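For reference, my_file_3.cif (mmCIF, C-alpha atoms (C1' of nucleotides)):
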data_run
#
loop_
_atom_site.label_atom_id
_atom_site.label_comp_id
_atom_site.auth_asym_id
_atom_site.auth_seq_id
_atom_site.Cartn_x
_atom_site.Cartn_y
_atom_site.Cartn_z
CA MET A 1 11.92 -18.08 -25.09
CA LYS A 2 12.81 -14.67 -26.52
CA LYS A 3 15.10 -12.43 -24.56
CA GLU A 4 13.71 -9.87 -22.15
CA THR A 5 13.76 -6.32 -23.48
CA ARG A 6 15.24 -3.52 -21.42
CA GLN A 7 11.76 -2.16 -20.87
CA GLU A 8 10.52 -5.49 -19.55
CA GLU A 9 13.51 -5.62 -17.22
CA ILE A 10 12.66 -2.17 -15.85
CA VAL A 11 9.04 -3.15 -15.29
CA ARG A 12 10.11 -6.37 -13.58
CA ILE A 13 12.50 -4.59 -11.20
CA ALA A 14 9.94 -1.85 -10.57
CA ALA A 15 7.34 -4.43 -9.57
CA ARG A 16 9.73 -5.82 -6.98
CA LEU A 17 10.37 -2.37 -5.52
CA PHE A 18 6.64 -1.53 -5.58
CA LYS A 19 6.00 -4.67 -3.58
CA GLU A 20 8.58 -3.76 -0.94
CA LYS A 21 7.65 -0.10 -0.44
CA GLY A 22 4.53 0.66 -2.44
CA TYR A 23 4.27 2.66 -5.66
CA SER A 24 4.36 6.12 -4.10
CA ALA A 25 7.42 5.46 -1.96
CA VAL A 26 9.54 4.22 -4.86
CA THR A 27 11.33 7.03 -6.71
CA MET A 28 12.65 6.89 -10.24
CA ARG A 29 16.11 7.29 -8.69
CA ASP A 30 15.52 4.19 -6.52
CA LEU A 31 14.52 2.26 -9.60
CA ALA A 32 17.43 3.54 -11.67
CA SER A 33 19.89 2.74 -8.91
CA GLU A 34 18.56 -0.81 -8.74
CA MET A 35 19.09 -1.06 -12.51
CA GLY A 36 22.62 0.32 -12.18
CA ILE A 37 21.90 3.42 -14.27
CA LYS A 38 20.82 7.06 -13.78
CA ALA A 39 17.18 8.06 -13.46
CA ALA A 40 17.12 10.02 -16.72
CA SER A 41 18.25 6.94 -18.62
CA LEU A 42 15.06 5.12 -17.71
CA TYR A 43 13.21 7.43 -20.06
CA ASN A 44 14.94 5.90 -23.06
CA HIS A 45 12.76 2.84 -22.38
CA ILE A 46 9.58 3.98 -20.64
CA ASN A 47 7.33 7.02 -20.91
CA SER A 48 6.60 7.66 -17.26
CA LYS A 49 6.42 6.15 -13.80
CA GLN A 50 2.67 5.97 -14.26
CA ASP A 51 3.13 3.85 -17.39
CA ILE A 52 5.13 1.28 -15.44
CA LEU A 53 2.32 0.85 -12.92
CA ASP A 54 -0.25 0.64 -15.71
CA MET A 55 1.68 -2.15 -17.43
CA ILE A 56 2.14 -4.17 -14.24
CA ILE A 57 -1.47 -3.99 -13.15
CA ILE A 58 -3.37 -4.16 -16.42
CA THR A 59 -1.36 -7.11 -17.74
CA LEU A 60 -2.20 -9.10 -14.63
CA ALA A 61 -5.82 -8.04 -14.43
CA GLU A 62 -6.34 -9.10 -18.04
CA ALA A 63 -4.70 -12.44 -17.34
CA PHE A 64 -7.23 -13.08 -14.57
CA THR A 65 -10.06 -12.06 -16.84
CA GLU A 66 -8.84 -14.40 -19.54
CA GLY A 67 -8.47 -17.25 -17.02
CA MET A 68 -11.99 -16.75 -15.75
CA LYS A 69 -13.37 -16.86 -19.30
CA GLN A 70 -11.77 -20.25 -19.83
CA ILE A 71 -13.12 -21.59 -16.55
CA GLN A 72 -16.63 -20.41 -17.36
CA SER A 73 -16.64 -22.36 -20.59
CA SER A 74 -15.38 -25.56 -18.98
CA PRO A 75 -17.77 -28.48 -18.51
CA GLU A 76 -16.96 -28.93 -14.82
CA ASP A 77 -19.51 -28.56 -12.04
CA CYS A 78 -19.38 -25.73 -9.52
CA ILE A 79 -16.87 -27.36 -7.16
CA GLY A 80 -14.71 -28.22 -10.14
CA LYS A 81 -14.78 -24.64 -11.33
CA LEU A 82 -13.81 -23.40 -7.89
CA LYS A 83 -10.85 -25.74 -7.97
CA GLN A 84 -9.84 -24.28 -11.31
CA ILE A 85 -10.12 -20.76 -9.90
CA ILE A 86 -7.80 -21.72 -7.06
CA GLU A 87 -5.33 -23.15 -9.55
CA LEU A 88 -5.54 -19.99 -11.64
CA HIS A 89 -4.65 -17.82 -8.66
CA VAL A 90 -1.84 -20.10 -7.53
CA LYS A 91 -0.42 -20.11 -11.05
CA LEU A 92 -0.62 -16.38 -11.77
CA SER A 93 0.49 -15.43 -8.25
CA SER A 94 3.53 -17.66 -8.30
CA GLN A 95 4.50 -16.46 -11.75
CA ASN A 96 4.11 -12.82 -10.81
CA ILE A 97 4.61 -12.42 -7.08
CA TYR A 98 5.66 -8.79 -7.29
CA GLY A 99 2.96 -7.73 -9.68
CA MET A 100 0.29 -9.16 -7.41
CA ALA A 101 1.31 -6.75 -4.69
CA SER A 102 0.72 -3.78 -6.99
CA LEU A 103 -2.57 -5.25 -8.14
CA ASN A 104 -3.76 -5.49 -4.56
CA ASN A 105 -2.26 -2.39 -3.00
CA ASP A 106 -1.52 0.19 -5.67
CA TRP A 107 -4.46 0.05 -8.09
CA MET A 108 -5.76 3.30 -6.60
CA HIS A 109 -2.76 5.07 -8.10
CA LEU A 110 -3.87 4.25 -11.61
CA LYS A 111 -5.16 7.29 -13.51
CA GLU A 112 -6.75 6.86 -16.98
CA LYS A 113 -6.66 3.08 -16.56
CA ARG A 114 -8.30 3.11 -13.15
CA ASP A 115 -11.88 2.78 -14.32
CA TYR A 116 -10.90 0.05 -16.76
CA TYR A 117 -9.19 -1.88 -13.97
CA LYS A 118 -12.20 -1.52 -11.68
CA LYS A 119 -14.44 -2.78 -14.44
CA LEU A 120 -12.28 -5.88 -14.95
CA ARG A 121 -12.27 -6.54 -11.23
CA SER A 122 -15.99 -6.16 -10.74
CA ASN A 123 -16.68 -8.37 -13.76
CA TYR A 124 -14.38 -10.99 -12.28
CA GLU A 125 -16.24 -10.86 -9.00
CA ASP A 126 -19.59 -11.09 -10.78
CA ASP A 127 -18.44 -14.22 -12.59
CA PHE A 128 -17.13 -15.71 -9.36
CA ARG A 129 -20.39 -14.97 -7.54
CA ALA A 130 -22.41 -16.50 -10.37
CA ILE A 131 -20.50 -19.76 -10.01
CA LEU A 132 -21.26 -19.84 -6.28
CA GLU A 133 -24.93 -19.07 -6.85
CA GLU A 134 -25.15 -21.81 -9.41
CA GLY A 135 -23.63 -24.18 -6.86
CA ILE A 136 -26.15 -23.15 -4.24
CA ALA A 137 -29.04 -23.60 -6.68
CA SER A 138 -27.86 -27.07 -7.68
CA GLY A 139 -27.30 -28.05 -4.05
CA GLU A 140 -23.56 -28.55 -4.48
CA ILE A 141 -22.62 -26.02 -1.84
CA ILE A 142 -24.18 -24.79 1.37
CA ASN A 143 -26.88 -22.16 1.34
CA GLN A 144 -24.80 -19.42 2.95
CA ASN A 145 -24.48 -15.81 1.85
CA PRO A 146 -22.56 -16.06 -1.46
CA GLU A 147 -21.04 -12.64 -0.87
CA VAL A 148 -19.40 -13.78 2.36
CA MET A 149 -18.22 -17.01 0.77
CA MET A 150 -16.70 -15.17 -2.15
CA PHE A 151 -15.09 -12.65 0.17
CA SER A 152 -13.53 -15.36 2.24
CA ILE A 153 -12.14 -17.37 -0.66
CA LEU A 154 -11.11 -14.42 -2.79
CA THR A 155 -9.20 -12.54 -0.11
CA THR A 156 -7.25 -15.69 0.64
CA LEU A 157 -6.44 -16.14 -3.03
CA ARG A 158 -5.54 -12.48 -3.47
CA SER A 159 -3.03 -12.72 -0.64
CA LEU A 160 -1.17 -15.73 -2.01
CA TYR A 161 1.67 -13.48 -3.16
CA ILE A 162 2.54 -12.80 0.47
CA TRP A 163 2.92 -16.44 1.39
CA ILE A 164 4.28 -18.16 -1.65
CA PRO A 165 7.76 -16.59 -1.46
CA LYS A 166 8.07 -17.55 2.22
CA LYS A 167 7.92 -21.25 1.42
CA GLU A 168 11.00 -21.68 -0.73
CA ASP A 169 10.48 -25.44 -0.99
CA LEU A 170 6.81 -25.01 -1.90
CA ASN A 171 5.33 -27.55 -4.24
CA LEU A 172 2.70 -25.53 -6.06
CA MET A 173 0.52 -28.49 -6.94
CA GLU A 174 0.46 -29.73 -3.35
CA PHE A 175 -0.18 -26.23 -2.12
CA SER A 176 -3.06 -25.86 -4.52
CA THR A 177 -4.56 -29.14 -3.35
CA ALA A 178 -4.26 -28.24 0.33
CA LEU A 179 -5.87 -24.87 -0.32
CA ASN A 180 -8.68 -26.52 -2.21
CA GLN A 181 -9.35 -28.88 0.68
CA ILE A 182 -9.30 -26.09 3.26
CA LEU A 183 -11.31 -23.53 1.33
CA ILE A 184 -13.96 -25.95 0.12
CA LYS A 185 -14.26 -28.51 2.87
CA GLY A 186 -13.22 -26.44 5.84
CA ILE A 187 -10.87 -27.45 8.56
CA ASN A 188 -12.92 -29.35 11.10
CA LYS A 189 -13.39 -33.08 11.22
CA MET B 190 -17.19 9.05 26.95
CA LYS B 191 -14.51 11.76 27.17
CA LYS B 192 -14.12 14.11 24.26
CA GLU B 193 -11.64 13.39 21.51
CA THR B 194 -8.46 15.47 21.69
CA ARG B 195 -7.26 17.40 18.68
CA GLN B 196 -4.39 14.95 18.33
CA GLU B 197 -6.75 11.99 18.30
CA GLU B 198 -8.82 13.74 15.66
CA ILE B 199 -5.75 14.24 13.48
CA VAL B 200 -4.78 10.59 13.83
CA ARG B 201 -8.31 9.50 13.00
CA ILE B 202 -8.50 11.61 9.85
CA ALA B 203 -4.98 10.56 8.86
CA ALA B 204 -5.95 6.90 9.10
CA ARG B 205 -8.81 7.49 6.69
CA LEU B 206 -6.53 9.19 4.19
CA PHE B 207 -3.87 6.50 4.60
CA LYS B 208 -6.50 3.90 3.76
CA GLU B 209 -7.53 5.72 0.59
CA LYS B 210 -4.08 6.48 -0.83
CA GLY B 211 -1.47 4.82 1.35
CA TYR B 212 0.90 6.49 3.82
CA SER B 213 3.45 7.71 1.29
CA ALA B 214 0.93 9.33 -1.03
CA VAL B 215 -0.72 11.37 1.72
CA THR B 216 0.98 14.71 2.34
CA MET B 217 0.81 16.79 5.47
CA ARG B 218 -0.94 19.40 3.33
CA ASP B 219 -3.59 16.86 2.34
CA LEU B 220 -4.13 16.02 5.97
CA ALA B 221 -4.24 19.66 7.06
CA SER B 222 -6.68 20.54 4.31
CA GLU B 223 -8.96 17.73 5.44
CA MET B 224 -8.79 19.16 8.98
CA GLY B 225 -9.53 22.66 7.67
CA ILE B 226 -6.18 24.09 8.81
CA LYS B 227 -2.69 24.73 7.43
CA ALA B 228 -0.01 22.05 7.42
CA ALA B 229 2.24 23.86 9.89
CA SER B 230 -0.58 23.95 12.42
CA LEU B 231 -0.60 20.17 12.63
CA TYR B 232 2.71 20.38 14.45
CA ASN B 233 1.05 22.00 17.45
CA HIS B 234 -0.47 18.57 18.09
CA ILE B 235 1.83 15.94 16.64
CA ASN B 236 5.59 15.55 16.35
CA SER B 237 5.86 14.16 12.85
CA LYS B 238 4.09 12.30 10.07
CA GLN B 239 5.98 9.22 11.18
CA ASP B 240 4.52 9.53 14.67
CA ILE B 241 0.98 9.43 13.28
CA LEU B 242 1.66 6.16 11.51
CA ASP B 243 3.31 4.72 14.62
CA MET B 244 0.27 5.54 16.74
CA ILE B 245 -2.21 4.06 14.27
CA ILE B 246 -0.36 0.80 13.79
CA ILE B 247 1.05 0.10 17.24
CA THR B 248 -2.24 0.80 19.02
CA LEU B 249 -3.99 -1.74 16.83
CA ALA B 250 -1.24 -4.33 16.92
CA GLU B 251 -1.24 -4.20 20.71
CA ALA B 252 -5.02 -4.58 20.78
CA PHE B 253 -4.68 -7.80 18.79
CA THR B 254 -1.94 -9.02 21.09
CA GLU B 255 -4.10 -8.30 24.12
CA GLY B 256 -7.08 -10.06 22.54
CA MET B 257 -5.03 -13.14 21.77
CA LYS B 258 -3.80 -13.29 25.39
CA GLN B 259 -7.38 -13.39 26.62
CA ILE B 260 -8.33 -16.10 24.16
CA GLN B 261 -5.37 -18.23 25.17
CA SER B 262 -6.43 -18.19 28.78
CA SER B 263 -10.04 -19.10 28.00
CA PRO B 264 -11.30 -22.60 28.83
CA GLU B 265 -12.71 -23.21 25.34
CA ASP B 266 -11.53 -25.99 23.08
CA CYS B 267 -9.67 -25.31 19.84
CA ILE B 268 -12.74 -24.69 17.67
CA GLY B 269 -14.11 -22.40 20.38
CA LYS B 270 -10.87 -20.44 20.44
CA LEU B 271 -10.93 -20.06 16.68
CA LYS B 272 -14.43 -18.70 16.96
CA GLN B 273 -13.18 -16.16 19.49
CA ILE B 274 -10.34 -15.17 17.16
CA ILE B 275 -12.85 -14.54 14.38
CA GLU B 276 -14.93 -12.40 16.73
CA LEU B 277 -11.81 -10.49 17.80
CA HIS B 278 -10.99 -9.62 14.20
CA VAL B 279 -14.57 -8.67 13.35
CA LYS B 280 -14.72 -6.45 16.43
CA LEU B 281 -11.37 -4.67 16.02
CA SER B 282 -11.77 -4.33 12.25
CA SER B 283 -15.23 -2.82 12.44
CA GLN B 284 -14.16 -0.42 15.18
CA ASN B 285 -11.08 0.65 13.28
CA ILE B 286 -11.63 0.17 9.58
CA TYR B 287 -9.11 2.80 8.52
CA GLY B 288 -6.39 1.74 10.91
CA MET B 289 -6.58 -1.83 9.64
CA ALA B 290 -5.57 -0.64 6.19
CA SER B 291 -2.39 0.91 7.57
CA LEU B 292 -1.68 -2.17 9.64
CA ASN B 293 -1.87 -4.32 6.54
CA ASN B 294 -0.33 -2.10 3.90
CA ASP B 295 1.88 0.51 5.53
CA TRP B 296 3.71 -1.29 8.33
CA MET B 297 6.85 -1.29 6.18
CA HIS B 298 7.02 2.48 6.57
CA LEU B 299 7.51 2.20 10.30
CA LYS B 300 11.05 3.09 11.38
CA GLU B 301 12.11 2.59 15.04
CA LYS B 302 8.86 0.78 15.76
CA ARG B 303 9.15 -1.56 12.83
CA ASP B 304 10.95 -4.37 14.63
CA TYR B 305 8.58 -4.11 17.56
CA TYR B 306 5.61 -4.39 15.22
CA LYS B 307 7.08 -7.41 13.47
CA LYS B 308 7.68 -9.06 16.82
CA LEU B 309 4.06 -8.55 17.85
CA ARG B 310 2.88 -9.94 14.54
CA SER B 311 5.05 -13.02 14.61
CA ASN B 312 4.08 -13.73 18.22
CA TYR B 313 0.45 -13.46 17.21
CA GLU B 314 0.97 -15.92 14.39
CA ASP B 315 2.85 -18.29 16.70
CA ASP B 316 -0.06 -18.28 19.15
CA PHE B 317 -2.53 -18.82 16.33
CA ARG B 318 -0.51 -21.72 14.95
CA ALA B 319 -0.25 -23.28 18.41
CA ILE B 320 -4.02 -23.31 18.70
CA LEU B 321 -4.33 -25.08 15.35
CA GLU B 322 -1.64 -27.61 16.28
CA GLU B 323 -3.39 -28.32 19.54
CA GLY B 324 -6.59 -28.92 17.59
CA ILE B 325 -4.84 -31.31 15.25
CA ALA B 326 -3.30 -33.21 18.16
CA SER B 327 -6.64 -33.55 19.93
CA GLY B 328 -8.36 -34.60 16.72
CA GLU B 329 -10.67 -31.61 16.65
CA ILE B 330 -9.51 -30.40 13.25
CA ILE B 331 -8.21 -32.09 10.13
CA ASN B 332 -4.60 -33.11 9.84
CA GLN B 333 -3.68 -30.59 7.16
CA ASN B 334 -0.66 -28.30 7.05
CA PRO B 335 -1.31 -25.84 9.93
CA GLU B 336 0.65 -23.15 8.09
CA VAL B 337 -1.71 -23.28 5.11
CA MET B 338 -4.76 -23.34 7.37
CA MET B 339 -3.52 -20.34 9.31
CA PHE B 340 -2.67 -18.50 6.12
CA SER B 341 -6.10 -19.08 4.70
CA ILE B 342 -8.01 -18.00 7.80
CA LEU B 343 -5.75 -15.13 8.75
CA THR B 344 -5.64 -13.46 5.35
CA THR B 345 -9.42 -13.53 5.26
CA LEU B 346 -9.59 -11.99 8.72
CA ARG B 347 -6.94 -9.39 7.87
CA SER B 348 -8.96 -8.24 4.88
CA LEU B 349 -12.20 -7.70 6.75
CA TYR B 350 -11.63 -3.95 6.69
CA ILE B 351 -12.12 -3.97 2.91
CA TRP B 352 -15.51 -5.64 3.06
CA ILE B 353 -17.14 -4.40 6.21
CA PRO B 354 -17.69 -0.82 4.96
CA LYS B 355 -19.28 -2.07 1.73
CA LYS B 356 -22.15 -3.68 3.59
CA GLU B 357 -23.79 -0.69 5.25
CA ASP B 358 -26.60 -2.81 6.68
CA LEU B 359 -24.17 -5.41 8.00
CA ASN B 360 -25.12 -7.13 11.21
CA LEU B 361 -21.74 -7.85 12.78
CA MET B 362 -22.92 -10.79 14.85
CA GLU B 363 -24.51 -12.47 11.85
CA PHE B 364 -21.45 -11.75 9.76
CA SER B 365 -19.23 -13.26 12.41
CA THR B 366 -21.37 -16.40 12.53
CA ALA B 367 -21.39 -16.82 8.76
CA LEU B 368 -17.62 -16.38 8.65
CA ASN B 369 -17.20 -18.94 11.38
CA GLN B 370 -19.29 -21.44 9.47
CA ILE B 371 -17.43 -20.88 6.21
CA LEU B 372 -13.91 -20.78 7.61
CA ILE B 373 -14.34 -23.75 9.91
CA LYS B 374 -16.77 -26.04 8.15
CA GLY B 375 -16.09 -25.08 4.56
CA ILE B 376 -18.63 -24.38 1.90
CA ASN B 377 -19.59 -27.74 0.44
CA LYS B 378 -22.49 -29.85 1.54
"C1'" DT C 379 -9.82 43.88 32.42
"C1'" DG C 380 -6.16 41.46 31.37
"C1'" DA C 381 -2.89 37.47 31.87
"C1'" DG C 382 -2.30 32.94 30.13
"C1'" DC C 383 -2.54 29.73 26.73
"C1'" DA C 384 -4.07 26.50 23.11
"C1'" DA C 385 -4.20 26.58 18.48
"C1'" DA C 386 -4.24 28.82 14.51
"C1'" DC C 387 -1.39 31.63 11.17
"C1'" DT C 388 2.61 33.31 7.51
"C1'" DA C 389 6.99 32.63 5.62
"C1'" DA C 390 10.57 30.08 4.66
"C1'" DC C 391 14.03 26.11 4.39
"C1'" DA C 392 16.60 22.35 2.22
"C1'" DA C 393 15.88 18.16 0.26
"C1'" DC C 394 13.63 15.51 -3.01
"C1'" DT C 395 10.27 14.59 -6.91
"C1'" DG C 396 9.29 13.22 -12.00
"C1'" DT C 397 10.81 14.63 -16.16
"C1'" DT C 398 13.22 17.18 -20.23
"C1'" DA C 399 16.96 18.51 -23.31
"C1'" DG C 400 21.03 17.82 -25.21
"C1'" DT C 401 25.37 15.11 -25.34
"C1'" DT C 402 28.54 11.11 -25.18
"C1'" DT C 403 29.58 6.25 -25.45
"C1'" DA C 404 30.15 1.92 -27.49
"C1'" DA C 405 28.61 -1.71 -30.26
"C1'" DT C 406 26.66 -3.03 -35.00
"C1'" DG C 407 26.25 -3.74 -39.91
"C1'" DT C 408 27.66 -2.04 -44.54
"C1'" DA D 409 36.39 3.02 -42.19
"C1'" DC D 410 32.17 4.99 -41.41
"C1'" DA D 411 27.26 5.88 -40.56
"C1'" DT D 412 23.69 4.28 -37.56
"C1'" DT D 413 21.73 3.50 -33.42
"C1'" DA D 414 20.53 1.88 -28.71
"C1'" DA D 415 21.40 3.27 -24.37
"C1'" DA D 416 23.92 5.51 -21.30
"C1'" DC D 417 25.30 10.19 -19.48
"C1'" DT D 418 25.24 15.42 -17.28
"C1'" DA D 419 22.68 19.32 -16.12
"C1'" DA D 420 18.82 21.40 -15.10
"C1'" DC D 421 13.74 22.51 -14.43
"C1'" DA D 422 9.62 23.57 -11.73
"C1'" DG D 423 6.88 21.75 -8.33
"C1'" DT D 424 6.29 19.25 -3.93
"C1'" DT D 425 7.84 17.39 0.42
"C1'" DG D 426 8.16 17.43 5.78
"C1'" DT D 427 9.29 20.57 8.98
"C1'" DT D 428 10.85 24.89 11.76
"C1'" DA D 429 10.62 29.62 13.55
"C1'" DG D 430 8.28 33.25 14.88
"C1'" DT D 431 3.77 35.64 15.18
"C1'" DT D 432 -1.21 36.40 15.72
"C1'" DT D 433 -5.80 35.10 17.18
"C1'" DG D 434 -9.34 34.37 20.34
"C1'" DC D 435 -11.11 31.88 24.30
"C1'" DT D 436 -10.96 31.01 29.58
"C1'" DC D 437 -10.81 32.28 34.11
"C1'" DA D 438 -8.97 35.02 38.04
#
Could you write out this file's structure as structure tokens?
Amino acid sequence: MKKETRQEEIVRIAARLFKEKGYSAVTMRDLASEMGIKAASLYNHINSKQDILDMIIITLAEAFTEGMKQIQSSPEDCIGKLKQIIELHVKLSSQNIYGMASLNNDWMHLKEKRDYYKKLRSNYEDDFRAILEEGIASGEIINQNPEVMMFSILTTLRSLYIWIPKKEDLNLMEFSTALNQILIKGINK
Amino acid sequence: MKKETRQEEIVRIAARLFKEKGYSAVTMRDLASEMGIKAASLYNHINSKQDILDMIIITLAEAFTEGMKQIQSSPEDCIGKLKQIIELHVKLSSQNIYGMASLNNDWMHLKEKRDYYKKLRSNYEDDFRAILEEGIASGEIINQNPEVMMFSILTTLRSLYIWIPKKEDLNLMEFSTALNQILIKGINK
DNA sequence: TGAGCAAACTAACAACTGTTAGTTTAATGT
DNA sequence: ACATTAAACTAACAGTTGTTAGTTTGCTCA
């Protein structure tokens, strides 16, 4: 486990502030103050405020893309793949609670990287939808609108970062299992 | 149908801009330009930028509170009440797509009204949770963690504003029914 | 016609924004 | 002991922010 660089520390603290107030409301002076230094000193380690946001969001978006690639190539059936997707979201969200907030709420403040991000996201959704459609075709899952199913599951998974920190005693594996039960099998007896 | 006041028009346009860029990133000059006037002129109709946000969020939060009160006093069983909750969210979200974005993403920029908003929200969640617990007790719904169930359903419902505008041909009643099926009964056969 | 008034305007403000240039500090390795 | 260097500092910039004060415009109705 190699030591965190000063730049990584800045990005980590920035992500926390971005989660609390949003990218636009966080000033470089806020960030510097949280680091215990002056705003100008930040620029010894990063190029711009924009760069910080880019790093937070793109790193995470690529991690989701990579995770989806692995799931696609797994031998599991559709329900099994959905379970893996849930586990992927629980894992990445719990490892990067603050970054997930930027990913969800501040992606529109990307500039050059914005189109790239949107491409990654829409590819991810296409892959997700394809898994559902495959499940419908094979009779594994109900013949409902796959768009609405994906919407329902994906918005829940994208909001995990809000809930995970509230449950300090949360067992991630148990949480993942409960989510799987609820999202796949529903809640009624 | 009485005509919209100039103030209501400003609040409506502001909500749209807040959805696109977030409260902090929208300037009074942006808003004025969208209204076709100068920034200073806005102040003939509103007291402050803060006031606009307050109006958008509190109006909606109170509408949800009111809706929940009605559902509580209905004679339906637990599953029936959940169905009504889904319909409430579909209705309020589709009527106020832009405001829902502020409610979800910009409530932290409230000032004096922030505690009031948080109170409304936590009361709403308490009422929601009580319905689920009642359903568990009566055996209507599965004996899973009610917190996780509520989280899953509520985050989906809170994100409706993202999806509704994408489906221009969306039939709200059909959408509501599909959501009900998926959230309550799950997606597997 | 002209008084009243809602709603626009211009001009300006003090504070705050991201960022730069140049300088000082303190620890490191030779 | 000294040169190097990472990382802090001070000072300043040009542009943007929400907002106020005072003025002008143009419609409504007596």
Please expand the PyMOL selection byres ((chain C) within 8 of (chain B)) into the concrete residues it hits in this file, giving the result as a VMD selection string. chain C and resid 385 to 387
Once the PyMOL selection byres ((chain B) within 12 of (chain D)) is applied to the coordinates I shared, what remains selected? I want it as a ChimeraX atom specification. /B:213-219,228-233,235-239
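Proximity to chain B was assessed for A:Asp54, A:Asp106, A:Asp127, A:Asp77 counting all atoms listed in the file; the smallest distance is recorded for A:Asp106.
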Take the PyMOL selection byres ((chain A) within 10 of (chain B)), run it mentally on this structure, and tell me the resulting residues as a PyMOL selection string. chain A and resi 20-26+79+101+104-109+132+135-136+139-149+151-160+162-163+175+178-179+181-189
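As for atom CA of Ala203 of chain B and atom CA of Ser283 of chain B, they are spaced 17.2 Å apart.
Atom CA of Glu197 of chain B is found 12.3 Å from atom CA of Leu242 of chain B.
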Once 6 Å is added on each side, what are the centre and the three edge lengths, in Å to one decimal, of the axis-aligned box enclosing the listed atoms of segment 387-405 of chain C? Present them as lines of an AutoDock Vina configuration file.
center_x = 14.4
center_y = 15.8
center_z = -9.5
size_x = 43.5
size_y = 47.0
size_z = 53.4
Using all atoms listed in the file, list the residues that have an atom at most 10 Å from (-13.5, -14.3, 20.0), coordinates as in the file, as a ChimeraX atom specification. /B:256-257,259-260,263,269-280,365
In Å, rounded to a single decimal, give me how far atom CA of Tyr350 of chain B is from atom CA of Ser282 of chain B. 5.6 Å
Surrounding residues of Ala61 of chain A excluding itself and chain neighbours under 6 positions, 8 Å, all atoms listed in the file, as number ranges by chain: A: 103, 117, 120-121
